[in-house]
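Asks: This is the structure I want to talk about, given as structure tokens.
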Amino acid sequence: MKATVDRTPRTFYGIGASPGIIIGQLRLLGRRKGRRHEHAHLDPARIDAEMVRFKAAVDRAEAQLRTARQQFAEQLAGYTAIIDSHLLMLRDRMIFDRTLAAIAQQGIDAEWALEKALNETRAAFAAIDDPYLRARVHDVEQVAERIFRQLGEQGEEELAAGAEKVVLVARDFAPEEILRMQTERVLGFVAEQGGATSHSAIVARTLGIPSVVGAAGITNAAASGDRIVVDGGTGLLHLHPTQDQLDYYREYQQQYQRYSEEVAAYTHLAAETIDGLAVRVEANIGKNEEAALAVEYGAGGVGLFRSEYTYLNRQTVPDEEELFDLYRGLLVSLSPFSVTIRTLDAGGDKFPTSLRWASELNPALGLRAIRFSLREPAIFTAQLRALFRAGVHGRLRIMFPMITSLCEVQRVKELIASVQAELGREGVPFATRVPVGIMIEVPSAVSVADVLAREVDFFSIGTNDLIQYALAIDRGNEQVAHMYEPLHPAVLRMIRQVTEAGHEAGIPVAMCGEMAGDLAVLPVLLGLGIDELSMHPYAIPYVKRMIRQSTAEECERLAAEVLTCASAQEVHDCLNRCLPARYPEEFGQGGIRRLKTTCCSLLTTPAASPDREGGERCCP
Ligand code: PEP
Ligand code: MG
């Protein structure tokens with residue numbers, strides 16, 4: 001029980017993980033927080049019993065995971081590997097043995113012993129150089145949390161205990177808990193940990209459960225029964241909302257609901273402007289299982305298949321046969337749509353355990369993406385062979401990440417020629433006319449886009465990286481996250497330069513970074529000449545609708561205007577002036593904040609910081 005009841009309105013800034021507005025009562029999960037659990041030294045006679053209690057809690061946690069694995073096998077699809085890894089961790093030395101040893105040797109209770117084991121494990125993970133592996137501590141924490149819950153008096157916890165539907169708040173949620181939320185009385189959830197790309201956020205988006213993650217400080221401030229407003233698009237949370245906030249969000253919620261239903265109903269209509277400009281709107285996916293979701297949301301194909309996901313979380317590199325099966329399956333399931341598969345983009349912030357990496361001071365500028373593939377021809381060739389072989393089973397396009405110069409493109413094309421010649425000699429069927437494109441995500445590639453355009457069949461602008469490299473903002477660094485600015489005039493001019501170069505050479509220019517799914521910039525992107533947009537599937541219906549309401553001519557005028565802006569702030573002001581009148585459904589009333597809710601892109605999410613004041617962050 002809380003000592004004092006503080007109902008002062010407070011605002012928290014998390015990360016919008018899955019869009020939607022909720023106004024409701026919250027239920028705080030995870031009762032093991034320090035303030036709720038008293039550490040206890042045990043009477044020596046109780047030590048054995050305490051060890052048994054701990055083992056029983058682990059058994060229950062294991063049973064719970066196994067049930068979830070069975071129960072949600074279909075919905076979890078590609079994510080069952082996460083449950084498997086959690087099952088292994090439950091019995092791993094670092095948690096299981098260490099906790100038992102602490103109970104036995106230090107005579108402390110199971111919760112305290114587990115907390116100690118977890119802290120030691122956290123310290124060990126913090127010392128790991130490899131950032132990908134270091135981030136896995138999050139999984140260990142989820143596993144420990146599960147045991148803590150089992151140690152709690154409530155044992156197997158119902159997510160929503162009362163009759164009323166609630167907003168769940170906890171330090172973290174495991175993916176299968178989010179699946180359970182579908183059937184329990186849950187409106188949505190708020191997690192203190194996690195990021196927009198954490199597995200939990202991905203599952204929440206897939207299921208359409210409004211949620212905010214990375215909301216630092218929320219579990220300490222909130223108590224079960226408190227009222228909360230959750231904006232799953234912007235990541236904004238209002239604890240103990242004021243009457244004004246409630247009025248505002250109630251109105252906003254209704255509009256949003258009506259708008260989303262209407263948008264979803266028409267998502268299979270073509271993405272064509274009023275004056276006849278057809279735009280390809282496609283999906284970004286990383287697993288074959290997401291293909292169906294893409295089609296359901298109205299995607300006209302896959303504009304970015306992040307092939308590196310296949311290489312993550314495993315001990316060995318996938319071989320040609322495995323990759324061939326995977327790519328063939330993807331192409332067949334999406335036929336007649338086209339599928340753009342990006343070759344391995346390892347390094348930077350994605351380090352497959354199966355590959356050996358030298359530790360680098362600055363991995364974003366290091367051996368990453370195409371540089372790695374060219375350095376490791378055996379791995380690269382296996383992927384290329386699998387791709388060209390699979391190409392006969394559907395409409396494949398191949399795309400290469402992080403190209404910086406003509407010479408890289410030439411080396412890639414030489415390798416392609418030799419792979420094709422080899423397949424020909426072996427008499428293995430392969431596709432001969434696969435469009436080959438490159439990602440434009442480094443400023444040097446923008447600069448020589450005219451040269452590169454003569455060599456390839458399409459461009460795809462990777463704004464996530466292009467912005468990071470152009471503005472010198474590490475996309476994973478929270479300290480500078482607020483400076484990550486897609487509306488920086490430099491970025492807009494670069495996009496223009498790329499579309500001009502592409503069109504001059506007669507090739508289409510796509511965009512597949514997060515910016516492609518942001519309604520705030522959509523008219524500008526169309527006006528700048530982007531031909532294809534690829535984004536997270538859930539953003540597709542909104543983007544298609546807005547395209548259908550636009551005219552190419554107006555978009556061009558808007559793009560011309562923003563190109564004259566001297567600063568991101570000016571661009572922001574210009575959009576705020578023009579969009580609400582032109583697109584009242586999306587931007588009316590709440591202005592640009594409304595569109596954040598619909599698309600919830602990373603670019604418009606305020607940096608998670610409890611002490612930042614409210615307001616819009618499109619331009620800082
Ligand atoms: C990008 O950089 O914009 C992109 C789509 O690639 P990734 O986010 O996978 O680096
Ligand atoms: Mg990239």
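By convention in this document, the chains of the structure tokens carry letters A, B, ... by their order, each chain's residues are numbered from 1, and ligands are numbered from 1 in the order they are shown.
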Need the shell around A:Val456: protein/DNA/RNA residues with any atom at most 12 Å away, counting only C-alpha atoms. Skip same-chain ones fewer than 6 positions apart. Format as a ChimeraX atom specification?

Replies: /A:397-400,403,406,408-410,412-413,434-440,449-450,501-502,505-509

Asks: Let me see the file: selected residues, N, CA, C and O atoms, as a CSV table (one decimal), in the first residue's frame.

Replies:
```
chain,number,residue,atom,x,y,z
A,397,ARG,N,13.3,-8.6,-56.2
A,397,ARG,CA,14.3,-7.5,-56.5
A,397,ARG,C,15.4,-7.7,-55.4
A,397,ARG,O,15.1,-8.0,-54.3
A,398,ILE,N,16.6,-7.4,-55.8
A,398,ILE,CA,17.7,-7.5,-54.7
A,398,ILE,C,18.3,-6.1,-54.5
A,398,ILE,O,18.4,-5.3,-55.4
A,399,MET,N,18.6,-5.9,-53.2
A,399,MET,CA,19.0,-4.5,-52.9
A,399,MET,C,20.2,-4.6,-51.9
A,399,MET,O,20.3,-5.5,-51.1
A,400,PHE,N,21.2,-3.7,-52.1
A,400,PHE,CA,22.4,-3.8,-51.3
A,400,PHE,C,22.5,-2.6,-50.4
A,400,PHE,O,22.3,-1.5,-50.8
A,403,ILE,N,25.7,1.4,-49.5
A,403,ILE,CA,26.7,1.6,-50.6
A,403,ILE,C,27.2,3.0,-50.5
A,403,ILE,O,26.5,4.0,-50.2
A,406,LEU,N,31.0,4.0,-56.3
A,406,LEU,CA,30.8,3.3,-57.5
A,406,LEU,C,31.5,2.0,-57.5
A,406,LEU,O,31.1,0.9,-57.9
A,408,GLU,N,32.1,0.0,-55.1
A,408,GLU,CA,31.4,-1.1,-54.4
A,408,GLU,C,30.3,-1.7,-55.3
A,408,GLU,O,30.1,-2.9,-55.3
A,409,VAL,N,29.6,-0.8,-56.0
A,409,VAL,CA,28.6,-1.3,-56.9
A,409,VAL,C,29.2,-2.2,-58.0
A,409,VAL,O,28.7,-3.3,-58.3
A,410,GLN,N,30.3,-1.8,-58.5
A,410,GLN,CA,31.0,-2.6,-59.5
A,410,GLN,C,31.4,-4.0,-59.0
A,410,GLN,O,31.3,-5.0,-59.6
A,412,VAL,N,30.1,-5.6,-56.5
A,412,VAL,CA,28.8,-6.4,-56.3
A,412,VAL,C,28.4,-7.0,-57.7
A,412,VAL,O,28.0,-8.2,-57.8
A,413,LYS,N,28.4,-6.2,-58.7
A,413,LYS,CA,27.9,-6.6,-60.0
A,413,LYS,C,28.9,-7.7,-60.6
A,413,LYS,O,28.4,-8.7,-61.2
A,434,VAL,N,16.7,-10.3,-62.6
A,434,VAL,CA,16.3,-9.7,-61.3
A,434,VAL,C,16.7,-8.3,-61.2
A,434,VAL,O,17.9,-8.0,-61.3
A,435,PRO,N,15.8,-7.3,-61.0
A,435,PRO,CA,16.2,-5.9,-60.8
A,435,PRO,C,17.2,-5.8,-59.6
A,435,PRO,O,16.9,-6.4,-58.5
A,436,VAL,N,18.2,-5.1,-59.8
A,436,VAL,CA,19.2,-5.0,-58.7
A,436,VAL,C,19.3,-3.5,-58.3
A,436,VAL,O,19.5,-2.6,-59.2
A,437,GLY,N,19.1,-3.2,-57.0
A,437,GLY,CA,19.1,-1.8,-56.6
A,437,GLY,C,20.0,-1.6,-55.4
A,437,GLY,O,20.6,-2.6,-54.9
A,438,ILE,N,20.2,-0.4,-55.0
A,438,ILE,CA,21.0,-0.1,-53.9
A,438,ILE,C,20.3,0.8,-52.9
A,438,ILE,O,19.4,1.6,-53.3
A,439,MET,N,20.7,0.7,-51.6
A,439,MET,CA,20.1,1.7,-50.7
A,439,MET,C,21.0,2.9,-50.7
A,439,MET,O,22.2,2.8,-50.7
A,440,ILE,N,20.3,4.0,-50.6
A,440,ILE,CA,21.0,5.3,-50.5
A,440,ILE,C,20.9,5.7,-49.0
A,440,ILE,O,19.8,6.2,-48.6
A,449,ALA,N,25.0,10.2,-56.6
A,449,ALA,CA,23.8,9.4,-57.0
A,449,ALA,C,23.6,9.4,-58.6
A,449,ALA,O,23.2,8.4,-59.1
A,450,ASP,N,24.0,10.4,-59.3
A,450,ASP,CA,23.9,10.4,-60.7
A,450,ASP,C,24.8,9.3,-61.3
A,450,ASP,O,24.4,8.6,-62.3
A,501,ALA,N,18.4,12.5,-59.6
A,501,ALA,CA,19.4,11.6,-60.2
A,501,ALA,C,18.8,10.3,-60.7
A,501,ALA,O,19.1,9.9,-61.8
A,502,GLY,N,17.9,9.8,-59.9
A,502,GLY,CA,17.3,8.5,-60.3
A,502,GLY,C,16.4,8.7,-61.6
A,502,GLY,O,16.5,8.0,-62.5
A,505,ALA,N,18.1,9.2,-64.8
A,505,ALA,CA,18.6,7.9,-65.4
A,505,ALA,C,17.5,7.0,-65.7
A,505,ALA,O,17.8,5.8,-66.1
A,506,GLY,N,16.3,7.4,-65.4
A,506,GLY,CA,15.1,6.5,-65.7
A,506,GLY,C,14.9,5.4,-64.8
A,506,GLY,O,14.3,4.4,-65.1
A,507,ILE,N,15.3,5.5,-63.5
A,507,ILE,CA,15.1,4.4,-62.5
A,507,ILE,C,14.2,4.9,-61.4
A,507,ILE,O,14.2,6.1,-61.1
A,508,PRO,N,13.3,4.1,-60.8
A,508,PRO,CA,12.5,4.5,-59.7
A,508,PRO,C,13.2,4.7,-58.5
A,508,PRO,O,14.3,4.1,-58.2
A,509,VAL,N,12.7,5.6,-57.6
A,509,VAL,CA,13.4,5.9,-56.3
A,509,VAL,C,12.4,5.6,-55.2
A,509,VAL,O,11.3,6.2,-55.2
```

Asks: Taking only C-alpha atoms and all ligand atoms into account, which residues have an atom no farther than 6 Å from ligand 2? I'd like them as a list in words.

Replies: Gly462, Asn464 and Asp465 of chain A

Asks: Since we have the selection now, will you write its residues out, keeping C-alpha atoms, as a compact mmCIF listing (two decimals), in the first residue's frame?

Replies:
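result-v7.txt written:
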```txt
# COMPACT_ATOMS: atom_id res chain seq x y z
CA GLY A 462 17.26 4.43 -46.12
CA ASN A 464 17.16 5.92 -40.74
CA ASP A 465 20.82 5.76 -41.62
```

Asks: If you measure from atom CA of A:Glu485 to atom CA of A:Pro523, what distance in Å do you get, rounded to one decimal?

Replies: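 For atom CA of A:Glu485 relative to atom CA of A:Pro523, the distance reads 17.4 Å.
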
Asks: Quick one: of A:Ala222, A:Ser211, A:Ile23, A:Arg66, who's nearest to A:Glu251, counting only C-alpha atoms?

Replies: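 Looking only at the distances to A:Glu251, the closest residue turns out to be A:Ile23.
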
Asks: For ligand 1, which of A:Phe587, A:Phe305, A:Tyr311, A:Phe458 is the closest residue, counting only C-alpha atoms and all ligand atoms?

Replies: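 The shortest atom-to-atom distance to ligand 1 comes from A:Phe305.
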
Asks: Suppose you want the space between atom CA of A:Gln257 and atom CA of A:Pro19; what is it in Å?

Replies: 11.0 Å

Asks: Hey, which residues come within 10 Å of ligand 1 if we count only C-alpha atoms and all ligand atoms? Could you give them as a PyMOL selection string?

Replies: chain A and resi 284+286+303-309+342+344-350+364+369+401-402+439-442+460-469+475+511-516+534-535

Asks: Quick one: residues within 12 Å of A:Leu246, only C-alpha atoms, excluding same-chain residues fewer than 4 positions away - as an NGL selection string?

Replies: :A and (9 or 21-24 or 227-230 or 237-242 or 250-253)

Asks: Tell me which protein, DNA and RNA residues are within 12 Å of A:Val428, counting only C-alpha atoms, leaving out same-chain ones fewer than 3 positions away, and put them as a short mmCIF file (atom, residue, chain, number, x, y, z; two decimals) with N, CA, C and O atoms, in the first residue's frame.

Replies:
```cif
data_model
loop_
_atom_site.label_atom_id
_atom_site.label_comp_id
_atom_site.auth_asym_id
_atom_site.auth_seq_id
_atom_site.Cartn_x
_atom_site.Cartn_y
_atom_site.Cartn_z
N ARG A 385 23.55 -16.74 -54.29
CA ARG A 385 23.11 -17.96 -54.99
C ARG A 385 21.67 -18.30 -54.59
O ARG A 385 20.82 -18.59 -55.43
N ALA A 386 21.40 -18.25 -53.29
CA ALA A 386 20.05 -18.56 -52.81
C ALA A 386 19.04 -17.58 -53.42
O ALA A 386 17.94 -17.97 -53.84
N PHE A 388 19.23 -15.75 -56.29
CA PHE A 388 18.99 -15.93 -57.73
C PHE A 388 18.24 -17.23 -58.01
O PHE A 388 17.41 -17.29 -58.92
N ARG A 389 18.51 -18.24 -57.22
CA ARG A 389 17.75 -19.49 -57.41
C ARG A 389 16.29 -19.29 -57.03
O ARG A 389 15.37 -19.74 -57.72
N ALA A 390 16.06 -18.60 -55.91
CA ALA A 390 14.68 -18.38 -55.48
C ALA A 390 13.93 -17.48 -56.46
O ALA A 390 12.71 -17.55 -56.59
N VAL A 392 13.35 -17.49 -59.45
CA VAL A 392 12.48 -18.09 -60.48
C VAL A 392 11.07 -18.35 -59.93
O VAL A 392 10.16 -18.64 -60.69
N VAL A 419 28.39 -15.42 -59.82
CA VAL A 419 27.42 -16.35 -59.23
C VAL A 419 26.50 -16.90 -60.32
O VAL A 419 26.23 -18.11 -60.39
N GLN A 420 26.05 -16.03 -61.20
CA GLN A 420 25.14 -16.48 -62.27
C GLN A 420 25.85 -17.45 -63.22
O GLN A 420 25.28 -18.46 -63.64
N ALA A 421 27.11 -17.11 -63.52
CA ALA A 421 27.86 -17.99 -64.43
C ALA A 421 28.03 -19.37 -63.80
O ALA A 421 27.86 -20.41 -64.45
N GLU A 422 28.32 -19.36 -62.50
CA GLU A 422 28.52 -20.62 -61.79
C GLU A 422 27.23 -21.46 -61.78
O GLU A 422 27.25 -22.65 -62.07
N LEU A 423 26.11 -20.80 -61.46
CA LEU A 423 24.83 -21.51 -61.44
C LEU A 423 24.54 -22.08 -62.83
O LEU A 423 24.04 -23.20 -62.97
N GLY A 424 24.87 -21.28 -63.86
CA GLY A 424 24.65 -21.73 -65.23
C GLY A 424 25.46 -22.98 -65.53
O GLY A 424 24.95 -23.97 -66.08
N ARG A 425 26.72 -22.93 -65.13
CA ARG A 425 27.60 -24.10 -65.38
C ARG A 425 27.08 -25.34 -64.67
O ARG A 425 27.15 -26.45 -65.17
N ALA A 431 17.10 -17.09 -61.75
CA ALA A 431 16.47 -15.97 -62.44
C ALA A 431 17.55 -15.11 -63.08
O ALA A 431 18.53 -14.75 -62.42
N THR A 432 17.33 -14.77 -64.34
CA THR A 432 18.36 -13.99 -65.03
C THR A 432 18.04 -12.50 -65.03
O THR A 432 18.91 -11.68 -65.21
#
```
